[in-house]
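Visitor: One structure follows; several queries about it will come next.
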Amino acid sequence: MNIIKTQNTDPEIRIIQEDAAFDTQLDLISDQQDVLIYKLSIKASQPSEPKPITLKWKLPSINVKGVWKCGSIYDKRLQYDWELNHLHTRVSVDAPVISVFGHDENNVITFACSDAINLIEMNALLREEDNHLYCHLTFFQERHPEIESYEAQIRIDIRNAILYSQSLQDVSKWWESFASLKPSPVPPLARMPLYSTWYQFHQSLDEDIILEECKIAASIGYKLIILDDGWQTMDTNRGYDYTGDWEPDRFPDMSGFVQKIHALRMKFGLWFSVPFCGKHSKAYQRFKGKFLTENHRWAPVFDPRYPEVREYLIDIYTNALKNYKLDAFKLDFIDDFKVYPETELTKADGRDYANVNAAVDRLMTDVMKALRAIKPDIAIEFRQQYVGPAMRKFGNMFRAFDCPNDAVSNRIRTADVKLLCGNTAVHSDPQTWHRDETVEIAAFQVLNGFFGVPQMSVYLRNAPKAQLDMIKFYTKYWNENAAILLDGAFKAINPLANYPVLQTEKGGHLIVGVYDNVIVEINGQEKIDLLNAKVSDHIVIRNKGKADNYKMTTWNCQGVKTHDGVVMIPKGLIEFEVPVSGMIRLERA
């Protein structure tokens, strides 16, 4: 039987729970300028398995254009209560926040939860019968071990005078205020362009060819290589049957190889798939019976609730760090640590945790403590979806999810991560394209990931000169302007149109990526760079500031200057010619 309690709040919040084993209380603990913070408290007289508890409220759907939530890459439209495609977040999947935005892209309501560890279900859906948005957060939707008490905070932001992007960024700062969610320090290496072996080599890694690639990459401004899947096995079937032992089968002198990379003045990182233990590994026999599941489509999944499993994984990474003199790790597939149908949620059989999500948090906490004790500035890459506030405690490089040769997806995914990651370095997915692609279209791959740290995965030694010149030009520009691109005031404009404009500004320098034929607004900045990441050869701007003279320089995507002169920019609209995939720089005269 449902128990419904109504809280006299604004908005009015109902509490719905399936049984009365727990006493549930919701208290308003802060109300500052339309930002409300509630504390949810749950207590039981004795340890009990919690059933779902839902907080639900509604508001009129007035000036509502769309809904931003993690994982909705292309689908930020307003959705309906019969679709039921809820957001589910936990320690290693997404972030517990939803933002409803209006036609002016201002915030309508943004709500978030402080519990970044356990599974939280959230949504904001339209009910067609009354044109209201029905918002909810549900706790304990996933099977959960017995507990006696639980607390979480809920932040509801109803400020309508700020952009949705600002509201999301404020949520990120709120998460940072919790001692249990303090982000990892970001070393300089995490903010430097990176060469990835994955899209070009996959598992067919060749030491001599990689060294050739690194010589070129280092000469054009790339500072780090991550050696991806394949170094630990001679198998090339793209599977994970041989993961778990992490012995460098394909690179028998791994430490010597790393020394060669370092001699090229590049840093070196290794890929590990953290949860997988392939059935052809020695570790599989050693840890038989200590898996969350053996029915995963790729490989059995380690159970981090066993101390010996955590100790084994920590030893793997610390030994690799010490023996090979690593600078970075790519720790992959962390989102596959989860509760599976066969996962028993008790401390029986030697487990010291019943809660899988809490054990994942403990594993990653201990991994990072051990790695930083050896190398305090170690760089750690995580990839979407495990880029939420709990993961910021461990990773300092958050990468867009795999989207090879898909410039638009790379733009959207990079922007989505950037809106919530604070000062954690956001990376594009490795940029890749066909060798015979035109240089202008290849440049789209670079420019669409430009507001994150560039990752590259093309065969540089075989690249046509035009493509290599393009990579050199834009890598040099990115390195010169990294502080603006990574630390400036970032805006992702028009999420429903897949962010046709991205921009960042710092110290009077505005950088704008233009990805469709739209009007770009400027407002009297001292220096303005416009990146023409579209097939048309013009950019239209609206100057909201006063008319003034600007020195105007344009380049094509290979860095060849095509115009240099002074132009009067009036207040209002003006159109500029610019090469496809080229850029304009405007500097106040």
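Residue numbers start at 1 in each chain; chains themselves are named A, B, ... in the order of the structure tokens; ligands are numbered from 1 in the order shown.
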Write out as a PyMOL selection string the residues lying within 6 Å of A:Lys39, counting only C-alpha atoms and excluding same-chain residues fewer than 2 positions away.

Guide: chain A and resi 26-27+152-153

Visitor: If you count only C-alpha atoms, which residues fall within 10 Å of A:Arg191, apart from same-chain ones fewer than 5 positions away, as number ranges by chain?

Guide: A: 186, 223, 379, 396-397, 424-427, 452-454, 479, 482-483, 486

Visitor: What would the file look like if the residues just selected were written as a PDB file, in the first residue's frame with N, CA, C and O atoms?

Guide:
```
ATOM      1  N   VAL A 186      43.685  18.540 -10.644  1.00  0.00           N
ATOM      2  CA  VAL A 186      43.878  18.377 -12.090  1.00  0.00           C
ATOM      3  C   VAL A 186      45.317  18.743 -12.438  1.00  0.00           C
ATOM      4  O   VAL A 186      45.683  19.917 -12.415  1.00  0.00           O
ATOM      5  N   LYS A 223      51.221  16.030 -26.260  1.00  0.00           N
ATOM      6  CA  LYS A 223      52.086  15.852 -25.096  1.00  0.00           C
ATOM      7  C   LYS A 223      51.978  14.484 -24.435  1.00  0.00           C
ATOM      8  O   LYS A 223      52.799  14.132 -23.599  1.00  0.00           O
ATOM      9  N   ALA A 379      47.705  11.405 -14.004  1.00  0.00           N
ATOM     10  CA  ALA A 379      46.520  11.772 -14.776  1.00  0.00           C
ATOM     11  C   ALA A 379      45.661  10.531 -14.994  1.00  0.00           C
ATOM     12  O   ALA A 379      46.178   9.457 -15.321  1.00  0.00           O
ATOM     13  N   ASN A 396      40.631  12.931 -13.455  1.00  0.00           N
ATOM     14  CA  ASN A 396      40.835  14.350 -13.733  1.00  0.00           C
ATOM     15  C   ASN A 396      40.816  14.638 -15.228  1.00  0.00           C
ATOM     16  O   ASN A 396      41.087  15.753 -15.659  1.00  0.00           O
ATOM     17  N   MET A 397      40.487  13.623 -16.032  1.00  0.00           N
ATOM     18  CA  MET A 397      40.280  13.778 -17.473  1.00  0.00           C
ATOM     19  C   MET A 397      38.966  13.075 -17.812  1.00  0.00           C
ATOM     20  O   MET A 397      38.890  11.845 -17.719  1.00  0.00           O
ATOM     21  N   THR A 424      37.535  19.926 -13.787  1.00  0.00           N
ATOM     22  CA  THR A 424      38.042  18.672 -14.328  1.00  0.00           C
ATOM     23  C   THR A 424      38.219  18.831 -15.835  1.00  0.00           C
ATOM     24  O   THR A 424      37.354  19.377 -16.511  1.00  0.00           O
ATOM     25  N   ALA A 425      39.349  18.365 -16.373  1.00  0.00           N
ATOM     26  CA  ALA A 425      39.636  18.562 -17.786  1.00  0.00           C
ATOM     27  C   ALA A 425      38.706  17.709 -18.635  1.00  0.00           C
ATOM     28  O   ALA A 425      38.684  16.482 -18.496  1.00  0.00           O
ATOM     29  N   VAL A 426      37.931  18.343 -19.499  1.00  0.00           N
ATOM     30  CA  VAL A 426      37.063  17.598 -20.418  1.00  0.00           C
ATOM     31  C   VAL A 426      37.812  17.377 -21.723  1.00  0.00           C
ATOM     32  O   VAL A 426      38.479  18.277 -22.237  1.00  0.00           O
ATOM     33  N   HIS A 427      37.728  16.155 -22.250  1.00  0.00           N
ATOM     34  CA  HIS A 427      38.410  15.781 -23.487  1.00  0.00           C
ATOM     35  C   HIS A 427      37.388  15.405 -24.549  1.00  0.00           C
ATOM     36  O   HIS A 427      36.351  14.818 -24.254  1.00  0.00           O
ATOM     37  N   GLY A 452      36.997  21.085 -25.738  1.00  0.00           N
ATOM     38  CA  GLY A 452      37.638  20.193 -24.785  1.00  0.00           C
ATOM     39  C   GLY A 452      39.081  20.000 -25.202  1.00  0.00           C
ATOM     40  O   GLY A 452      39.532  20.538 -26.215  1.00  0.00           O
ATOM     41  N   VAL A 453      39.806  19.239 -24.417  1.00  0.00           N
ATOM     42  CA  VAL A 453      41.197  18.932 -24.778  1.00  0.00           C
ATOM     43  C   VAL A 453      41.179  18.019 -26.004  1.00  0.00           C
ATOM     44  O   VAL A 453      40.473  17.006 -26.016  1.00  0.00           O
ATOM     45  N   PRO A 454      41.948  18.349 -27.062  1.00  0.00           N
ATOM     46  CA  PRO A 454      41.922  17.517 -28.260  1.00  0.00           C
ATOM     47  C   PRO A 454      42.564  16.149 -28.022  1.00  0.00           C
ATOM     48  O   PRO A 454      43.620  16.050 -27.403  1.00  0.00           O
ATOM     49  N   ASN A 479      46.711  25.103 -28.200  1.00  0.00           N
ATOM     50  CA  ASN A 479      47.691  25.215 -27.114  1.00  0.00           C
ATOM     51  C   ASN A 479      47.884  26.656 -26.670  1.00  0.00           C
ATOM     52  O   ASN A 479      48.030  26.931 -25.467  1.00  0.00           O
ATOM     53  N   ALA A 482      44.552  27.537 -24.623  1.00  0.00           N
ATOM     54  CA  ALA A 482      43.981  26.493 -23.760  1.00  0.00           C
ATOM     55  C   ALA A 482      43.330  27.071 -22.512  1.00  0.00           C
ATOM     56  O   ALA A 482      42.276  26.599 -22.070  1.00  0.00           O
ATOM     57  N   ALA A 483      43.918  28.096 -21.924  1.00  0.00           N
ATOM     58  CA  ALA A 483      43.359  28.660 -20.695  1.00  0.00           C
ATOM     59  C   ALA A 483      41.969  29.243 -20.929  1.00  0.00           C
ATOM     60  O   ALA A 483      41.105  29.177 -20.048  1.00  0.00           O
ATOM     61  N   LEU A 486      39.488  26.115 -21.832  1.00  0.00           N
ATOM     62  CA  LEU A 486      39.186  25.226 -20.710  1.00  0.00           C
ATOM     63  C   LEU A 486      38.631  25.947 -19.489  1.00  0.00           C
ATOM     64  O   LEU A 486      37.845  25.379 -18.740  1.00  0.00           O
TER      65      LEU A 486
END
```

Visitor: List every residue of stretch 154-245 of chain A that DSSP, applied to the backbone of this structure, places in helix (DSSP H, G or I), and write the result as number ranges by chain.

Guide: A: 164-176, 179-181, 188-191, 198-201, 207-219

Visitor: Mind writing the picked residues with N, CA, C and O atoms as a tab-separated table (two decimals), in the first residue's frame?

Guide:
```tsv
chain	number	residue	atom	x	y	z
A	164	TYR	N	20.17	28.09	-18.50
A	164	TYR	CA	20.17	26.71	-17.99
A	164	TYR	C	21.60	26.24	-17.75
A	164	TYR	O	21.87	25.50	-16.81
A	165	SER	N	22.52	26.67	-18.62
A	165	SER	CA	23.91	26.23	-18.49
A	165	SER	C	24.52	26.75	-17.19
A	165	SER	O	25.30	26.05	-16.54
A	166	GLN	N	24.16	27.97	-16.79
A	166	GLN	CA	24.65	28.51	-15.53
A	166	GLN	C	24.08	27.73	-14.35
A	166	GLN	O	24.78	27.45	-13.38
A	167	SER	N	22.82	27.36	-14.45
A	167	SER	CA	22.20	26.58	-13.38
A	167	SER	C	22.89	25.23	-13.23
A	167	SER	O	23.15	24.77	-12.10
A	168	LEU	N	23.22	24.58	-14.34
A	168	LEU	CA	23.94	23.31	-14.27
A	168	LEU	C	25.32	23.48	-13.66
A	168	LEU	O	25.76	22.67	-12.83
A	169	GLN	N	26.01	24.53	-14.06
A	169	GLN	CA	27.34	24.78	-13.51
A	169	GLN	C	27.27	25.08	-12.01
A	169	GLN	O	28.17	24.70	-11.25
A	170	ASP	N	26.19	25.72	-11.57
A	170	ASP	CA	26.02	25.97	-10.13
A	170	ASP	C	25.76	24.67	-9.37
A	170	ASP	O	26.19	24.53	-8.21
A	171	VAL	N	25.07	23.73	-10.00
A	171	VAL	CA	24.88	22.42	-9.36
A	171	VAL	C	26.23	21.74	-9.17
A	171	VAL	O	26.50	21.14	-8.10
A	172	SER	N	27.09	21.84	-10.17
A	172	SER	CA	28.42	21.24	-10.05
A	172	SER	C	29.17	21.83	-8.87
A	172	SER	O	29.83	21.09	-8.10
A	173	LYS	N	29.08	23.14	-8.69
A	173	LYS	CA	29.74	23.78	-7.54
A	173	LYS	C	29.11	23.31	-6.22
A	173	LYS	O	29.81	23.16	-5.21
A	174	TRP	N	27.80	23.09	-6.22
A	174	TRP	CA	27.12	22.60	-5.01
A	174	TRP	C	27.64	21.21	-4.64
A	174	TRP	O	27.95	20.95	-3.48
A	175	TRP	N	27.76	20.33	-5.61
A	175	TRP	CA	28.32	19.00	-5.33
A	175	TRP	C	29.72	19.12	-4.74
A	175	TRP	O	30.07	18.39	-3.81
A	176	GLU	N	30.51	20.02	-5.28
A	176	GLU	CA	31.88	20.19	-4.79
A	176	GLU	C	31.92	20.59	-3.32
A	176	GLU	O	32.93	20.36	-2.64
A	179	ALA	N	32.12	17.31	1.40
A	179	ALA	CA	33.44	16.72	1.64
A	179	ALA	C	33.58	15.36	0.96
A	179	ALA	O	34.66	14.99	0.49
A	180	SER	N	32.47	14.63	0.85
A	180	SER	CA	32.50	13.30	0.24
A	180	SER	C	32.57	13.35	-1.28
A	180	SER	O	32.71	12.30	-1.93
A	181	LEU	N	32.46	14.54	-1.87
A	181	LEU	CA	32.49	14.69	-3.32
A	181	LEU	C	33.55	15.68	-3.77
A	181	LEU	O	33.45	16.28	-4.84
A	188	PRO	N	48.71	19.44	-14.77
A	188	PRO	CA	48.84	20.06	-16.09
A	188	PRO	C	48.71	19.07	-17.24
A	188	PRO	O	48.18	19.40	-18.30
A	189	LEU	N	49.20	17.84	-17.04
A	189	LEU	CA	49.16	16.85	-18.12
A	189	LEU	C	47.73	16.56	-18.58
A	189	LEU	O	47.49	16.28	-19.76
A	190	ALA	N	46.77	16.62	-17.65
A	190	ALA	CA	45.38	16.33	-18.00
A	190	ALA	C	44.80	17.36	-18.95
A	190	ALA	O	43.77	17.12	-19.58
A	191	ARG	N	45.47	18.51	-19.07
A	191	ARG	CA	44.98	19.61	-19.91
A	191	ARG	C	45.78	19.73	-21.21
A	191	ARG	O	45.75	20.79	-21.84
A	198	TRP	N	43.74	4.04	-30.23
A	198	TRP	CA	42.60	3.14	-30.40
A	198	TRP	C	42.04	3.08	-31.81
A	198	TRP	O	41.97	2.02	-32.44
A	199	TYR	N	41.59	4.20	-32.36
A	199	TYR	CA	40.84	4.12	-33.62
A	199	TYR	C	41.69	3.69	-34.80
A	199	TYR	O	41.17	3.10	-35.76
A	200	GLN	N	42.99	3.94	-34.79
A	200	GLN	CA	43.82	3.54	-35.92
A	200	GLN	C	44.44	2.16	-35.73
A	200	GLN	O	44.53	1.38	-36.68
A	201	PHE	N	44.86	1.84	-34.53
A	201	PHE	CA	45.53	0.56	-34.31
A	201	PHE	C	44.59	-0.52	-33.80
A	201	PHE	O	44.79	-1.70	-34.09
A	207	GLU	N	55.07	-1.51	-32.11
A	207	GLU	CA	55.93	-0.60	-31.37
A	207	GLU	C	56.65	0.39	-32.28
A	207	GLU	O	56.67	1.60	-32.00
A	208	ASP	N	57.21	-0.07	-33.38
A	208	ASP	CA	57.97	0.82	-34.26
A	208	ASP	C	57.08	1.88	-34.90
A	208	ASP	O	57.46	3.06	-35.00
A	209	ILE	N	55.90	1.47	-35.34
A	209	ILE	CA	54.99	2.43	-35.97
A	209	ILE	C	54.50	3.46	-34.95
A	209	ILE	O	54.41	4.66	-35.24
A	210	ILE	N	54.22	3.01	-33.73
A	210	ILE	CA	53.77	3.94	-32.69
A	210	ILE	C	54.86	4.96	-32.39
A	210	ILE	O	54.57	6.16	-32.20
A	211	LEU	N	56.10	4.54	-32.36
A	211	LEU	CA	57.20	5.49	-32.12
A	211	LEU	C	57.28	6.52	-33.25
A	211	LEU	O	57.50	7.70	-33.00
A	212	GLU	N	57.06	6.08	-34.50
A	212	GLU	CA	57.03	7.04	-35.61
A	212	GLU	C	55.90	8.05	-35.42
A	212	GLU	O	56.07	9.25	-35.64
A	213	GLU	N	54.74	7.54	-35.03
A	213	GLU	CA	53.59	8.42	-34.81
A	213	GLU	C	53.89	9.44	-33.70
A	213	GLU	O	53.55	10.62	-33.81
A	214	CYS	N	54.52	8.97	-32.65
A	214	CYS	CA	54.80	9.86	-31.52
A	214	CYS	C	55.81	10.95	-31.88
A	214	CYS	O	55.73	12.07	-31.37
A	215	LYS	N	56.76	10.64	-32.74
A	215	LYS	CA	57.71	11.67	-33.18
A	215	LYS	C	56.97	12.82	-33.85
A	215	LYS	O	57.24	13.99	-33.58
A	216	ILE	N	56.01	12.47	-34.71
A	216	ILE	CA	55.25	13.50	-35.41
A	216	ILE	C	54.32	14.21	-34.44
A	216	ILE	O	54.23	15.45	-34.42
A	217	ALA	N	53.63	13.44	-33.60
A	217	ALA	CA	52.68	14.03	-32.66
A	217	ALA	C	53.37	15.02	-31.73
A	217	ALA	O	52.86	16.12	-31.47
A	218	ALA	N	54.54	14.65	-31.23
A	218	ALA	CA	55.28	15.53	-30.33
A	218	ALA	C	55.69	16.82	-31.05
A	218	ALA	O	55.68	17.90	-30.46
A	219	SER	N	56.03	16.72	-32.33
A	219	SER	CA	56.50	17.89	-33.08
A	219	SER	C	55.40	18.89	-33.35
A	219	SER	O	55.68	20.06	-33.63
```

Visitor: When distances are computed from only C-alpha atoms, which of A:Ala373, A:Ile378, A:Ile16, A:Val387 shows the smallest separation from A:Asp94?

Guide: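 Of A:Ala373, A:Ile378, A:Ile16, A:Val387, the one nearest A:Asp94 is A:Val387, counting only C-alpha atoms.
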
Visitor: Neighbouring residues of A:Leu194 were defined as those with any atom within 7 Å, considering only C-alpha atoms; residues of the same chain fewer than 6 positions away were excluded. Please report them as a PyMOL selection string.

Guide: chain A and resi 222-225+454-456

Visitor: Can you pull out every residue within 10 Å of A:Gly289, counting only C-alpha atoms, but drop anything in the same chain fewer than 6 positions away, and send it as a list in words?

Guide: Phe302, Asp303 and Asp349 of chain A

Visitor: Determine, using only C-alpha atoms, which residues of stretch 515-535 of chain A have any atom at most 9 Å from an atom of stretch 436-443 of chain A, and tabulate each with its shortest atom pair and distance in Å to one decimal place, rows ordered by chain and then rising number, as a Markdown table.

Guide:
```
| residue | atom | partner | partner_atom | distance |
| --- | --- | --- | --- | --- |
| A:Ala533 | CA | A:Ala443 | CA | 7.8 |
| A:Lys534 | CA | A:Ile441 | CA | 8.6 |
| A:Val535 | CA | A:Ile441 | CA | 8.2 |
```

Visitor: Please dump the current selection as a PDB file, in the first residue's frame; keep N, CA and C atoms.

Guide:
```pdb
ATOM      1  N   ALA A 533      33.050  26.201 -38.477  1.00  0.00           N
ATOM      2  CA  ALA A 533      32.980  24.743 -38.583  1.00  0.00           C
ATOM      3  C   ALA A 533      31.718  24.307 -39.331  1.00  0.00           C
ATOM      4  N   LYS A 534      31.567  24.786 -40.556  1.00  0.00           N
ATOM      5  CA  LYS A 534      30.413  24.462 -41.398  1.00  0.00           C
ATOM      6  C   LYS A 534      30.814  24.626 -42.860  1.00  0.00           C
ATOM      7  N   VAL A 535      29.958  24.171 -43.779  1.00  0.00           N
ATOM      8  CA  VAL A 535      30.340  24.139 -45.187  1.00  0.00           C
ATOM      9  C   VAL A 535      30.136  25.475 -45.892  1.00  0.00           C
TER      10      VAL A 535
END
```
